[in-house]
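What follows is final-v9.cif (mmCIF, C-alpha atoms).
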```cif
data_entry
#
loop_
_atom_site.label_atom_id
_atom_site.label_comp_id
_atom_site.auth_asym_id
_atom_site.auth_seq_id
_atom_site.Cartn_x
_atom_site.Cartn_y
_atom_site.Cartn_z
CA MET Y 27 -84.13 -10.25 145.78
CA LYS Y 28 -85.75 -6.92 144.82
CA ASN Y 29 -83.90 -4.64 142.44
CA GLU Y 30 -82.89 -1.10 143.29
CA SER Y 31 -85.72 0.75 141.57
CA ASP Y 32 -88.35 -1.49 143.22
CA LEU Y 33 -86.75 -0.85 146.59
CA LEU Y 34 -86.66 2.86 145.89
CA ASN Y 35 -90.36 2.96 144.99
CA LEU Y 36 -91.31 0.95 148.06
CA ALA Y 37 -89.14 3.19 150.25
CA ILE Y 38 -90.72 6.37 148.89
CA ASN Y 39 -94.16 4.89 149.45
CA GLY Y 40 -93.41 4.42 153.13
CA ASP Y 41 -91.98 0.91 153.43
CA ARG Y 42 -89.37 1.24 156.14
CA ARG Y 43 -87.56 -2.01 155.48
CA SER Y 44 -86.97 -0.87 151.88
CA LEU Y 45 -85.83 2.55 153.10
CA GLY Y 46 -83.23 0.90 155.31
CA LYS Y 47 -82.07 -1.22 152.40
CA ILE Y 48 -81.92 1.58 149.86
CA ILE Y 49 -79.63 3.55 152.16
CA THR Y 50 -77.29 0.55 152.21
CA LYS Y 51 -77.39 0.53 148.39
CA ILE Y 52 -76.53 4.24 148.28
CA GLU Y 53 -73.57 3.56 150.58
CA SER Y 54 -72.28 1.10 148.01
CA GLY Y 55 -72.65 3.48 145.09
CA PHE Y 56 -76.28 3.40 143.94
CA GLU Y 57 -77.41 6.83 142.68
CA PRO Y 58 -81.19 7.18 142.88
CA LYS Y 59 -82.67 9.48 140.26
CA ILE Y 60 -85.48 11.32 141.98
CA SER Y 61 -86.57 14.92 142.11
CA VAL Y 62 -87.62 16.36 145.43
CA GLN Y 63 -88.48 19.75 146.80
CA LYS Y 64 -85.69 21.26 148.84
CA PRO Y 65 -85.40 19.04 151.95
CA TRP Y 66 -85.27 20.58 155.42
CA THR Y 67 -81.85 19.74 156.82
CA LEU Y 68 -79.99 20.49 160.03
CA GLY Y 69 -76.34 19.67 160.65
CA VAL Y 70 -75.28 19.08 164.25
CA THR Y 71 -71.61 18.97 165.02
CA GLY Y 72 -69.20 19.58 167.88
CA PRO Y 73 -66.42 17.92 169.84
CA PRO Y 74 -66.80 14.37 171.21
CA GLY Y 75 -68.73 14.32 174.45
CA ALA Y 76 -70.34 17.76 174.00
CA GLY Y 77 -73.77 16.13 174.11
CA LYS Y 78 -74.80 16.23 170.45
CA SER Y 79 -76.83 13.01 170.49
CA THR Y 80 -78.52 13.84 173.81
CA LEU Y 81 -79.42 17.25 172.43
CA ILE Y 82 -80.80 15.76 169.22
CA GLY Y 83 -82.86 13.39 171.37
CA ALA Y 84 -84.29 16.36 173.29
CA LEU Y 85 -85.12 18.22 170.07
CA ILE Y 86 -86.77 15.27 168.38
CA SER Y 87 -88.97 14.39 171.32
CA ARG Y 88 -90.42 17.92 171.05
CA TRP Y 89 -90.68 17.92 167.26
CA ILE Y 90 -92.58 14.64 167.09
CA LYS Y 91 -95.21 16.11 169.41
CA MET Y 92 -95.71 18.80 166.78
CA GLY Y 93 -96.34 16.09 164.20
CA GLU Y 94 -92.96 16.20 162.49
CA LYS Y 95 -91.28 13.09 161.12
CA ILE Y 96 -87.58 13.13 161.95
CA ALA Y 97 -84.77 11.24 160.27
CA VAL Y 98 -81.29 11.26 161.77
CA LEU Y 99 -78.13 10.28 159.89
CA ALA Y 100 -75.54 9.77 162.64
CA VAL Y 101 -72.06 9.62 161.15
CA ASP Y 102 -69.18 8.02 163.04
CA PRO Y 103 -65.64 7.35 161.89
CA SER Y 104 -64.51 3.88 160.81
CA SER Y 105 -61.33 2.54 162.35
CA PRO Y 106 -58.48 3.10 159.89
CA LYS Y 107 -56.90 -0.12 161.17
CA SER Y 108 -59.69 -2.70 161.07
CA GLY Y 109 -62.23 -0.85 158.91
CA GLY Y 110 -64.81 -1.60 161.59
CA ALA Y 111 -66.86 0.99 163.40
CA LEU Y 112 -68.65 1.41 166.70
CA LEU Y 113 -71.93 3.20 166.12
CA ALA Y 114 -73.58 4.07 169.39
CA ASP Y 115 -75.10 7.54 168.97
CA ARG Y 116 -78.59 6.17 169.19
CA ILE Y 117 -78.14 5.15 172.84
CA ARG Y 118 -78.19 8.82 173.76
CA MET Y 119 -81.37 9.48 171.84
CA GLU Y 120 -83.22 7.30 174.34
CA GLY Y 121 -86.97 7.82 174.29
CA ALA Y 122 -87.01 9.56 170.95
CA GLU Y 123 -86.21 6.33 169.15
CA LYS Y 124 -89.29 4.61 170.52
CA SER Y 125 -91.52 6.64 168.23
CA GLU Y 126 -92.57 5.46 164.78
CA SER Y 127 -92.03 9.07 163.65
CA VAL Y 128 -88.27 8.80 164.16
CA PHE Y 129 -85.84 7.11 161.81
CA ILE Y 130 -82.26 6.81 163.06
CA ARG Y 131 -79.53 5.46 160.82
CA SER Y 132 -75.92 5.07 161.94
CA ILE Y 133 -73.38 5.59 159.18
CA ALA Y 134 -69.72 4.61 159.30
CA SER Y 135 -67.42 6.88 157.31
CA ARG Y 136 -65.79 3.72 155.86
CA ASN Y 137 -62.64 5.62 154.87
CA HIS Y 138 -64.22 6.50 151.54
CA PRO Y 139 -61.99 8.70 149.47
CA GLY Y 140 -63.17 12.25 150.12
CA GLY Y 141 -65.55 11.14 152.86
CA LEU Y 142 -69.26 10.51 152.51
CA SER Y 143 -69.86 13.42 150.18
CA LEU Y 144 -70.90 11.25 147.25
CA PHE Y 145 -73.66 9.59 149.26
CA ILE Y 146 -75.05 12.02 151.77
CA GLY Y 147 -76.96 14.13 149.22
CA HIS Y 148 -78.68 11.03 147.81
CA MET Y 149 -79.61 9.81 151.28
CA ILE Y 150 -81.13 13.19 152.13
CA ASN Y 151 -83.17 13.22 148.91
CA VAL Y 152 -84.54 9.72 149.43
CA LEU Y 153 -85.48 10.44 153.05
CA SER Y 154 -87.21 13.62 151.99
CA ALA Y 155 -89.08 11.88 149.18
CA ALA Y 156 -90.19 9.22 151.69
CA GLY Y 157 -91.86 11.93 153.75
CA TRP Y 158 -89.37 12.65 156.50
CA SER Y 159 -90.01 16.32 157.20
CA LYS Y 160 -86.83 17.11 159.14
CA ILE Y 161 -83.48 15.52 158.37
CA ILE Y 162 -80.63 15.81 160.84
CA ILE Y 163 -77.00 15.01 160.06
CA GLU Y 164 -74.85 14.43 163.12
CA THR Y 165 -71.05 14.31 162.93
CA VAL Y 166 -68.19 14.66 165.33
CA GLY Y 167 -66.62 18.05 164.69
CA ALA Y 168 -63.11 16.79 164.25
CA GLY Y 169 -61.23 16.37 161.00
CA GLN Y 170 -61.91 17.94 157.67
CA SER Y 171 -64.12 15.34 156.02
CA GLN Y 172 -66.46 15.44 159.01
CA THR Y 173 -66.75 19.22 158.76
CA ARG Y 174 -67.55 18.91 155.10
CA ILE Y 175 -70.32 16.41 155.62
CA VAL Y 176 -72.14 18.74 157.95
CA ALA Y 177 -71.92 21.43 155.25
CA PHE Y 178 -74.43 19.37 153.26
CA ALA Y 179 -77.10 20.64 155.69
CA ASP Y 180 -78.75 24.03 155.15
CA ARG Y 181 -78.52 25.11 158.76
CA ILE Y 182 -75.76 24.17 161.16
CA LEU Y 183 -75.81 23.91 164.92
CA LEU Y 184 -72.46 23.76 166.69
CA VAL Y 185 -72.60 22.15 170.13
CA GLU Y 186 -69.87 22.98 172.62
CA GLY Y 187 -69.17 21.46 176.00
CA PRO Y 188 -68.86 23.63 179.10
CA ASP Y 189 -65.10 23.23 179.30
CA ARG Y 190 -63.35 26.12 177.62
CA GLY Y 191 -60.93 25.40 174.82
CA ASP Y 192 -63.36 23.56 172.57
CA VAL Y 193 -64.36 26.79 170.87
CA ILE Y 194 -60.80 27.34 169.78
CA GLN Y 195 -60.62 23.79 168.43
CA ALA Y 196 -63.78 24.37 166.41
CA GLU Y 197 -62.34 27.58 165.07
CA LYS Y 198 -59.24 25.76 163.92
CA ALA Y 199 -61.30 23.14 162.12
CA GLY Y 200 -63.25 25.86 160.33
CA ILE Y 201 -66.60 24.72 161.71
CA LEU Y 202 -67.29 27.88 163.64
CA GLU Y 203 -67.58 30.00 160.52
CA LEU Y 204 -70.07 27.56 158.96
CA ALA Y 205 -72.36 27.45 162.00
CA ASP Y 206 -75.57 29.49 162.27
CA ILE Y 207 -76.21 28.72 165.92
CA VAL Y 208 -73.60 27.96 168.55
CA ILE Y 209 -74.67 26.56 171.88
CA VAL Y 210 -72.87 25.70 175.07
CA ASN Y 211 -74.53 22.55 176.38
CA LYS Y 212 -74.63 21.22 179.96
CA SER Y 213 -75.76 24.43 181.68
CA ASP Y 214 -76.53 22.13 184.62
CA ILE Y 215 -72.81 21.87 185.31
CA PRO Y 216 -71.33 24.58 187.59
CA ASN Y 217 -69.40 27.35 185.81
CA SER Y 218 -70.78 26.48 182.37
CA ASN Y 219 -71.76 30.16 182.12
CA LEU Y 220 -68.03 31.00 182.03
CA ALA Y 221 -67.64 28.96 178.84
CA TYR Y 222 -70.69 30.73 177.45
CA ASP Y 223 -69.28 34.17 178.28
CA SER Y 224 -65.96 33.27 176.73
CA LEU Y 225 -67.67 32.04 173.56
CA ASN Y 226 -69.57 35.31 173.27
CA SER Y 227 -66.51 37.44 173.87
CA SER Y 228 -64.50 35.56 171.26
CA LEU Y 229 -67.34 35.88 168.74
CA SER Y 230 -67.71 39.60 169.47
CA LEU Y 231 -64.19 40.18 168.10
CA ASP Y 232 -65.78 39.80 164.67
CA LYS Y 233 -67.78 42.96 163.98
CA ASN Y 234 -69.97 41.28 161.39
CA ASN Y 235 -70.82 38.41 163.69
CA SER Y 236 -74.43 37.32 163.23
CA LYS Y 237 -74.28 34.00 165.03
CA ILE Y 238 -76.89 33.16 167.59
CA THR Y 239 -75.53 31.77 170.86
CA ARG Y 240 -77.33 30.06 173.72
CA LEU Y 241 -76.56 28.24 176.95
CA VAL Y 242 -78.72 25.12 177.29
CA SER Y 243 -78.98 21.79 179.07
CA ALA Y 244 -80.10 18.88 176.89
CA ILE Y 245 -80.38 16.64 179.92
CA ASN Y 246 -82.77 18.74 182.02
CA GLY Y 247 -84.39 20.63 179.17
CA ASP Y 248 -83.29 24.18 180.07
CA GLY Y 249 -83.36 26.41 177.02
CA ILE Y 250 -84.40 23.63 174.64
CA ASP Y 251 -87.83 25.08 173.71
CA ASP Y 252 -86.15 28.39 172.93
CA LEU Y 253 -83.46 26.64 170.87
CA LEU Y 254 -86.12 24.74 168.97
CA SER Y 255 -87.87 27.91 167.84
CA LEU Y 256 -84.51 29.47 166.95
CA ILE Y 257 -83.73 26.51 164.70
CA ASP Y 258 -87.16 26.66 163.09
CA LYS Y 259 -86.78 30.38 162.43
CA CYS Y 260 -83.11 30.22 161.51
CA PRO Y 261 -82.62 32.30 158.36
CA VAL Y 262 -80.40 30.76 155.72
CA SER Y 263 -77.55 33.27 155.62
CA SER Y 264 -76.40 33.90 152.04
CA GLU Y 265 -72.82 34.43 153.15
CA ARG Y 266 -72.71 31.12 155.01
CA GLU Y 267 -74.59 29.43 152.20
CA ILE Y 268 -71.67 30.31 149.93
CA LEU Y 269 -69.20 28.90 152.44
CA ARG Y 270 -71.22 25.71 152.64
CA GLN Y 271 -71.39 25.38 148.88
CA LYS Y 272 -67.63 25.77 148.84
CA GLU Y 273 -67.21 22.93 151.33
CA ARG Y 274 -69.54 20.70 149.27
CA LEU Y 275 -67.59 21.48 146.14
CA LEU Y 276 -64.25 20.84 147.81
CA SER Y 277 -65.51 17.58 149.19
CA LEU Y 278 -66.62 16.29 145.78
CA TRP Y 279 -63.41 17.55 144.26
CA ASP Y 280 -61.41 15.62 146.85
CA SER Y 281 -63.36 12.47 146.28
CA ARG Y 282 -62.82 12.72 142.53
CA LEU Y 283 -59.10 13.27 143.03
CA LEU Y 284 -58.75 10.44 145.54
CA SER Y 285 -60.60 7.96 143.35
CA TYR Y 286 -58.47 8.82 140.31
CA ASP Y 287 -57.00 5.53 138.99
CA GLY Y 288 -53.50 6.79 138.37
CA LEU Y 289 -53.13 8.44 141.75
CA ASN Y 290 -50.70 5.89 143.21
CA ILE Y 291 -48.43 6.03 140.18
CA LEU Y 292 -48.34 9.81 140.39
CA LEU Y 293 -47.51 9.64 144.09
CA TYR Y 294 -44.55 7.34 143.34
CA GLU Y 295 -43.33 9.63 140.61
CA LEU Y 296 -43.64 12.60 142.93
CA SER Y 297 -41.68 10.89 145.68
CA ALA Y 298 -39.01 9.82 143.17
CA GLY Y 299 -38.78 13.42 142.03
CA SER Y 300 -39.45 12.56 138.38
CA ILE Y 301 -42.34 15.03 138.12
CA SER Y 302 -43.23 18.26 139.91
CA LEU Y 303 -46.43 18.97 141.83
CA ASN Y 304 -47.63 21.28 139.09
CA GLU Y 305 -47.03 18.63 136.46
CA ALA Y 306 -48.97 16.12 138.55
CA VAL Y 307 -51.94 18.49 138.78
CA ASP Y 308 -51.83 19.04 135.01
CA ILE Y 309 -51.81 15.28 134.39
CA ILE Y 310 -54.78 14.71 136.68
CA ASN Y 311 -56.67 17.59 135.08
CA LYS Y 312 -56.11 16.25 131.62
CA GLU Y 313 -56.97 12.66 132.55
CA THR Y 314 -60.10 13.38 134.57
CA MET Y 315 -61.42 15.84 131.96
CA ARG Y 316 -61.65 12.95 129.54
CA HIS Y 317 -64.35 11.24 131.62
CA MET D 20 -71.18 -6.89 158.20
CA ARG D 21 -73.57 -4.53 159.97
CA ILE D 22 -74.31 -6.04 163.34
CA VAL D 23 -76.72 -4.85 166.03
CA ILE D 24 -75.80 -5.82 169.59
CA ALA D 25 -78.80 -5.56 171.89
CA LYS D 26 -79.76 -6.26 175.45
CA PRO D 27 -83.41 -7.26 175.73
CA GLY D 28 -85.51 -7.04 178.86
CA LEU D 29 -84.71 -5.68 182.29
CA ASP D 30 -81.09 -6.79 182.30
CA GLY D 31 -78.52 -4.11 183.03
CA HIS D 32 -75.35 -6.21 182.95
CA ASP D 33 -73.80 -4.85 179.79
CA ARG D 34 -70.05 -5.35 180.26
CA GLY D 35 -70.15 -8.47 178.08
CA ALA D 36 -72.16 -6.77 175.33
CA LYS D 37 -69.70 -3.88 175.30
CA VAL D 38 -66.70 -6.21 175.07
CA ILE D 39 -68.31 -8.06 172.14
CA THR D 40 -68.99 -4.72 170.48
CA ARG D 41 -65.29 -3.89 170.64
CA VAL D 42 -64.24 -7.33 169.45
CA LEU D 43 -66.51 -7.09 166.41
CA ARG D 44 -65.35 -3.59 165.57
CA ASP D 45 -61.73 -4.69 165.74
CA GLY D 46 -62.70 -7.59 163.49
CA GLY D 47 -63.73 -5.07 160.82
CA HIS D 48 -67.50 -5.01 161.38
CA GLU D 49 -69.84 -2.06 161.74
CA VAL D 50 -71.45 -2.50 165.13
CA ILE D 51 -74.52 -0.70 166.38
CA TYR D 52 -74.93 -0.96 170.12
CA THR D 53 -78.48 -0.32 171.34
CA GLY D 54 -77.88 0.14 175.05
CA ILE D 55 -79.72 -1.74 177.78
CA ARG D 56 -83.38 -2.62 178.44
CA LYS D 57 -84.77 -2.87 174.93
CA THR D 58 -88.18 -4.31 174.15
CA PRO D 59 -88.52 -6.79 171.26
CA LYS D 60 -90.39 -4.11 169.27
CA GLU D 61 -87.58 -1.57 169.75
CA ILE D 62 -85.00 -4.12 168.63
CA ILE D 63 -87.06 -4.92 165.50
CA ASN D 64 -87.28 -1.21 164.61
CA ILE D 65 -83.54 -0.75 165.06
CA LEU D 66 -82.79 -3.75 162.81
CA ILE D 67 -85.06 -2.32 160.10
CA ASP D 68 -83.71 1.25 160.18
CA GLU D 69 -80.09 0.14 160.39
CA ASP D 70 -80.52 -2.60 157.73
CA ALA D 71 -78.52 -5.00 159.89
CA ASP D 72 -77.14 -8.31 158.64
CA ALA D 73 -76.95 -9.85 162.09
CA LEU D 74 -78.28 -9.43 165.63
CA GLY D 75 -76.36 -10.37 168.76
CA LEU D 76 -78.52 -10.70 171.88
CA SER D 77 -76.92 -10.59 175.30
CA SER D 78 -78.81 -11.96 178.26
CA LEU D 79 -77.66 -12.56 181.82
CA SER D 80 -80.93 -12.30 183.68
CA GLY D 81 -82.50 -15.66 182.89
CA ALA D 82 -85.19 -14.19 180.64
CA HIS D 83 -83.60 -15.58 177.48
CA GLU D 84 -86.03 -18.48 177.08
CA VAL D 85 -88.95 -16.06 176.80
CA LEU D 86 -87.44 -12.99 175.16
CA ILE D 87 -85.16 -14.53 172.53
CA PRO D 88 -87.82 -16.77 170.89
CA LYS D 89 -90.23 -13.81 170.96
CA ILE D 90 -87.73 -11.56 169.18
CA CYS D 91 -87.01 -14.28 166.60
CA GLU D 92 -90.73 -14.70 165.93
CA GLU D 93 -91.29 -10.95 165.54
CA MET D 94 -88.32 -10.76 163.16
CA ARG D 95 -89.91 -13.39 160.93
CA THR D 96 -93.21 -11.51 160.79
CA SER D 97 -91.44 -8.18 160.13
CA GLY D 98 -89.62 -9.19 156.96
CA LEU D 99 -86.32 -9.81 158.75
CA SER D 100 -86.04 -13.54 157.97
CA ASP D 101 -82.61 -13.13 156.35
CA VAL D 102 -81.03 -11.56 159.45
CA VAL D 103 -78.75 -13.88 161.47
CA VAL D 104 -79.32 -14.15 165.23
CA PHE D 105 -76.70 -15.18 167.77
CA ALA D 106 -76.83 -15.08 171.55
CA GLY D 107 -74.47 -14.71 174.45
CA GLY D 108 -74.34 -14.38 178.23
CA ILE D 109 -75.58 -16.81 180.83
CA ILE D 110 -77.62 -19.36 178.93
CA PRO D 111 -77.68 -22.84 180.51
CA GLU D 112 -76.95 -25.85 178.30
CA LYS D 113 -80.48 -27.23 178.82
CA ASP D 114 -81.99 -24.16 177.07
CA HIS D 115 -79.75 -24.29 174.01
CA SER D 116 -81.97 -26.51 171.89
CA LEU D 117 -84.99 -24.28 172.52
CA LEU D 118 -83.04 -21.30 171.20
CA TYR D 119 -81.63 -23.19 168.20
CA ASP D 120 -85.18 -24.29 167.37
CA SER D 121 -86.24 -20.64 167.48
CA GLY D 122 -83.71 -19.69 164.80
CA VAL D 123 -80.65 -18.73 166.88
CA ARG D 124 -77.49 -19.85 165.03
CA ALA D 125 -74.87 -19.63 167.78
CA ILE D 126 -74.68 -19.33 171.56
CA PHE D 127 -71.52 -17.96 173.13
CA GLY D 128 -71.12 -18.50 176.85
CA PRO D 129 -68.48 -17.37 179.34
CA GLY D 130 -64.95 -18.31 178.29
CA THR D 131 -65.58 -17.93 174.56
CA TYR D 132 -62.53 -16.65 172.67
CA SER D 133 -62.94 -13.48 170.60
CA GLU D 134 -61.57 -15.35 167.59
CA THR D 135 -64.40 -17.87 167.81
CA ILE D 136 -67.03 -15.17 167.36
CA ILE D 137 -65.13 -13.65 164.43
CA ASP D 138 -64.80 -17.14 162.89
CA PHE D 139 -68.53 -17.66 163.27
CA LEU D 140 -69.21 -14.46 161.33
CA VAL D 141 -66.78 -15.46 158.57
CA ASN D 142 -68.62 -18.77 158.35
CA ILE D 143 -71.95 -16.93 158.21
CA SER D 144 -70.76 -14.79 155.27
CA GLN D 145 -69.67 -17.91 153.41
CA ARG D 146 -72.97 -19.65 154.05
CA LYS D 147 -74.89 -16.59 152.86
CA GLU D 148 -72.88 -16.51 149.64
CA LEU D 149 -73.54 -20.20 149.05
CA GLY D 150 -77.24 -19.69 149.74
CA HIS D 151 -77.24 -22.00 152.76
CA PRO D 152 -79.87 -21.26 155.42
CA THR D 153 -78.49 -18.87 158.06
CA GLY D 154 -81.18 -16.23 158.70
CA VAL D 155 -83.65 -16.43 161.55
CA GLY D 156 -86.51 -17.25 159.19
CA GLU D 157 -84.62 -19.71 157.04
CA GLU D 158 -84.61 -23.48 157.45
CA ILE D 159 -83.77 -24.48 161.04
CA GLY D 160 -81.19 -27.19 161.70
CA TRP D 161 -77.73 -25.72 161.22
CA PHE D 162 -76.05 -24.01 164.13
CA TRP D 163 -72.47 -23.18 165.12
CA ASP D 164 -71.08 -25.73 167.54
#
```
Could I get this structure in the form of structure tokens?
Amino acid sequence: MKNESDLLNLAINGDRRSLGKIITKIESGFEPKISVQKPWTLGVTGPPGAGKSTLIGALISRWIKMGEKIAVLAVDPSSPKSGGALLADRIRMEGAEKSESVFIRSIASRNHPGGLSLFIGHMINVLSAAGWSKIIIETVGAGQSQTRIVAFADRILLVEGPDRGDVIQAEKAGILELADIVIVNKSDIPNSNLAYDSLNSSLSLDKNNSKITRLVSAINGDGIDDLLSLIDKCPVSSEREILRQKERLLSLWDSRLLSYDGLNILLYELSAGSISLNEAVDIINKETMRH
Amino acid sequence: MRIVIAKPGLDGHDRGAKVITRVLRDGGHEVIYTGIRKTPKEIINILIDEDADALGLSSLSGAHEVLIPKICEEMRTSGLSDVVVFAGGIIPEKDHSLLYDSGVRAIFGPGTYSETIIDFLVNISQRKELGHPTGVGEEIGWFWD
């Protein structure tokens, strides 16, 4: 059995089997110490069924022709009941996955306290050090921990379906304000332009709105070349960068709180009314500062 | 366990594979479903990237006696000897020994109870912990009966 630093070296030097294994190690808490130049990252999120994986498939098949090496981290929720997970995003990336220049890894959220925040940064760094030039993080845009994972990417693409109402859901979850580019997918479906118009009119209510919007079809390729160059040119907005940093910070904060040893005792005391919420926060502060 | 469920060859009958996927998820496993019509090479690449512990191959087209041994052989030459292989679908009794000799550790035909497959995986975990041969490239001989 190879140890972690051997695996890490092999992975960085291009051994794919070791790369797969080191990602498993990171999921179970291994923290690789490597320095890398700022990786190129894209977060793709949106409601279930909006076509995120199909769209990613369409983007990667174009990128690999330009000589890029693409890694995808596809995050799916674990079942809270059994702890198991069904990871099937890669089915929709058909074609793209045949290439040696594409690495697709399915990741179950595993009900980690505070989500995957402790791991995702390490995974990105290792992939980047191993020579993957574009790293894509895909999550379902539902629930807070999922939103926060996508905030670990430096540019965010929000994918909407053509049925109105999704935009409002995204707004509620706070994803809309993090996104640089918002697209309505499935332009091949009749009346999808209505969803696009409604998206634009709701965004225009904000006078400072600088989001780019597009109507595309991942399945027949309409608008994909244009979207690709938009993503490549996408400026990193300083205002959104601050929002993203905030999400990253909150997500680490959460995970530290949720993995605090005395949490259950505090929760009992709170429910018994023997301490107040403020006292609980003070206790946690004092205890976690010691580490 | 991380388990890849794959359908090799030109076989499009994937109801069984999808049911197994659900059963394994409900049994607490992380299941990666590949979709239909995968070549041996594609399956190998998926196993490597996903760092799978086990591979379930579903075949209903009659191509099992060619495709499954080929996949097992390619796994051994690709550094995947520790990965466990099991099979399901329509695989006649007369072909079982060929598959076991290729490194397959269990064959689940029609009528198999979900619990049986979960039990098999529990058994696999125990064998791995004890260091008993279970992977496709480890000593042939033991299989789930």
Interface residues on chain D facing chain Y, 10 Å, all atoms listed in the file, written as a ChimeraX atom specification: /D:20-23,40-55,57-58,60-62,64-71,97-99
Distance of CA of Leu149 in chain D from CA of Ile126 in chain D, expressed in Å to one decimal place: 22.6 Å
Target residues per the PyMOL selection byres ((chain Y and resi 178-186) around 8), formatted as a ChimeraX atom specification: /Y:66-73,76-78,146-147,162-163,174-177,187-188,192-193,201-202,204-211,260,262,267,270,274
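Interatomic distance, CA of Arg124 in chain D against CA of Lys51 in chain Y: 26.3 Å.
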Evaluate the PyMOL selection byres ((chain Y and resi 213) around 9) and report residues as an NGL selection string: :Y and (188 or 210-212 or 214-219 or 241-244 or 248)
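Here CA of Gly81 in chain D stands at a distance of 9.5 Å from CA of Gly108 in chain D.
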What are the nearest atom pairs, with distances in Å to one decimal, for all residues of range 51-143 of chain D that come at most 9 Å from range 153-162 of chain D, using all atoms listed in the file, set out by chain and rising residue number as CSV?
```
residue,atom,partner,partner_atom,distance
D:Asp72,CA,D:Gly154,CA,8.9
D:Ala73,CA,D:Gly154,CA,8.4
D:Cys91,CA,D:Val155,CA,6.4
D:Glu92,CA,D:Gly156,CA,8.4
D:Met94,CA,D:Val155,CA,7.5
D:Arg95,CA,D:Gly156,CA,5.4
D:Thr96,CA,D:Gly156,CA,9.0
D:Gly98,CA,D:Gly156,CA,8.9
D:Leu99,CA,D:Gly156,CA,7.5
D:Ser100,CA,D:Gly156,CA,3.9
D:Asp101,CA,D:Gly154,CA,4.1
D:Val102,CA,D:Gly154,CA,4.7
D:Val103,CA,D:Gly154,CA,4.4
D:Val104,CA,D:Val155,CA,6.1
D:Tyr119,CA,D:Phe162,CA,7.0
D:Asp120,CA,D:Ile159,CA,6.5
D:Ser121,CA,D:Val155,CA,7.7
D:Gly122,CA,D:Val155,CA,4.6
D:Val123,CA,D:Val155,CA,6.5
D:Arg124,CA,D:Phe162,CA,4.5
D:Ala125,CA,D:Phe162,CA,5.8
D:Ile126,CA,D:Phe162,CA,8.9
D:Ile143,CA,D:Thr153,CA,6.8
```
Output of the PyMOL selection byres ((chain Y and resi 59) around 10), listed as a PyMOL selection string: chain Y and resi 31+34+56-58+60-62+148+151-152
Among listed residues D:Val38, D:Lys89, D:Leu118, D:Gly150, nearest Ile136 in chain D (using all atoms listed in the file): D:Val38
Neighbouring residues of Leu76 in chain D were defined as those with any atom within 8 Å, considering all atoms listed in the file; residues of the same chain fewer than 2 positions away were excluded. Please report them as a CSV table (one decimal) with C-alpha atoms, keeping the file's coordinate frame.
```csv
chain,number,residue,atom,x,y,z
D,24,ILE,CA,-75.8,-5.8,169.6
D,25,ALA,CA,-78.8,-5.6,171.9
D,26,LYS,CA,-79.8,-6.3,175.4
D,27,PRO,CA,-83.4,-7.3,175.7
D,74,LEU,CA,-78.3,-9.4,165.6
D,78,SER,CA,-78.8,-12.0,178.3
D,87,ILE,CA,-85.2,-14.5,172.5
D,104,VAL,CA,-79.3,-14.2,165.2
D,105,PHE,CA,-76.7,-15.2,167.8
D,106,ALA,CA,-76.8,-15.1,171.6
D,107,GLY,CA,-74.5,-14.7,174.4
```
Would you give the centre and edge lengths, in Å to one decimal, of a box along x, y and z around the listed atoms of range 113-117 of chain D, with 8 Å added to each side, as JSON?
```
{"center_x": -82.4, "center_y": -25.7, "center_z": 175.4, "size_x": 21.2, "size_y": 19.1, "size_z": 22.9}
```
Long-range neighbours of Leu293 in chain Y as a PyMOL selection string, 9 Å cut-off, all atoms listed in the file, 5 positions minimum in chain: chain Y and resi 288+298+306
Put range 70-78 of chain Y into a file with N, CA and C atoms, as a JSON list (two decimals), in the first residue's frame.
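So the final result, stored in out.json, reads:
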```
[["chain", "number", "residue", "atom", "x", "y", "z"],
["Y", 70, "VAL", "N", -20.70, 25.44, -11.68],
["Y", 70, "VAL", "CA", -21.94, 25.35, -12.45],
["Y", 70, "VAL", "C", -23.03, 24.87, -11.52],
["Y", 71, "THR", "N", -24.07, 25.66, -11.40],
["Y", 71, "THR", "CA", -25.14, 25.27, -10.49],
["Y", 71, "THR", "C", -26.50, 25.60, -11.12],
["Y", 72, "GLY", "N", -27.55, 25.18, -10.47],
["Y", 72, "GLY", "CA", -28.89, 25.40, -11.00],
["Y", 72, "GLY", "C", -29.81, 24.31, -10.52],
["Y", 73, "PRO", "N", -31.11, 24.49, -10.73],
["Y", 73, "PRO", "CA", -32.07, 23.51, -10.21],
["Y", 73, "PRO", "C", -31.93, 22.13, -10.88],
["Y", 74, "PRO", "N", -32.42, 21.08, -10.21],
["Y", 74, "PRO", "CA", -32.35, 19.74, -10.80],
["Y", 74, "PRO", "C", -33.06, 19.72, -12.16],
["Y", 75, "GLY", "N", -32.46, 19.09, -13.12],
["Y", 75, "GLY", "CA", -33.11, 18.95, -14.42],
["Y", 75, "GLY", "C", -32.94, 20.13, -15.35],
["Y", 76, "ALA", "N", -32.17, 21.16, -14.94],
["Y", 76, "ALA", "CA", -31.99, 22.32, -15.81],
["Y", 76, "ALA", "C", -31.04, 22.01, -16.97],
["Y", 77, "GLY", "N", -30.28, 20.93, -16.84],
["Y", 77, "GLY", "CA", -29.37, 20.55, -17.92],
["Y", 77, "GLY", "C", -27.93, 20.90, -17.65],
["Y", 78, "LYS", "N", -27.54, 20.96, -16.40],
["Y", 78, "LYS", "CA", -26.17, 21.34, -16.03],
["Y", 78, "LYS", "C", -25.14, 20.37, -16.61]]
```
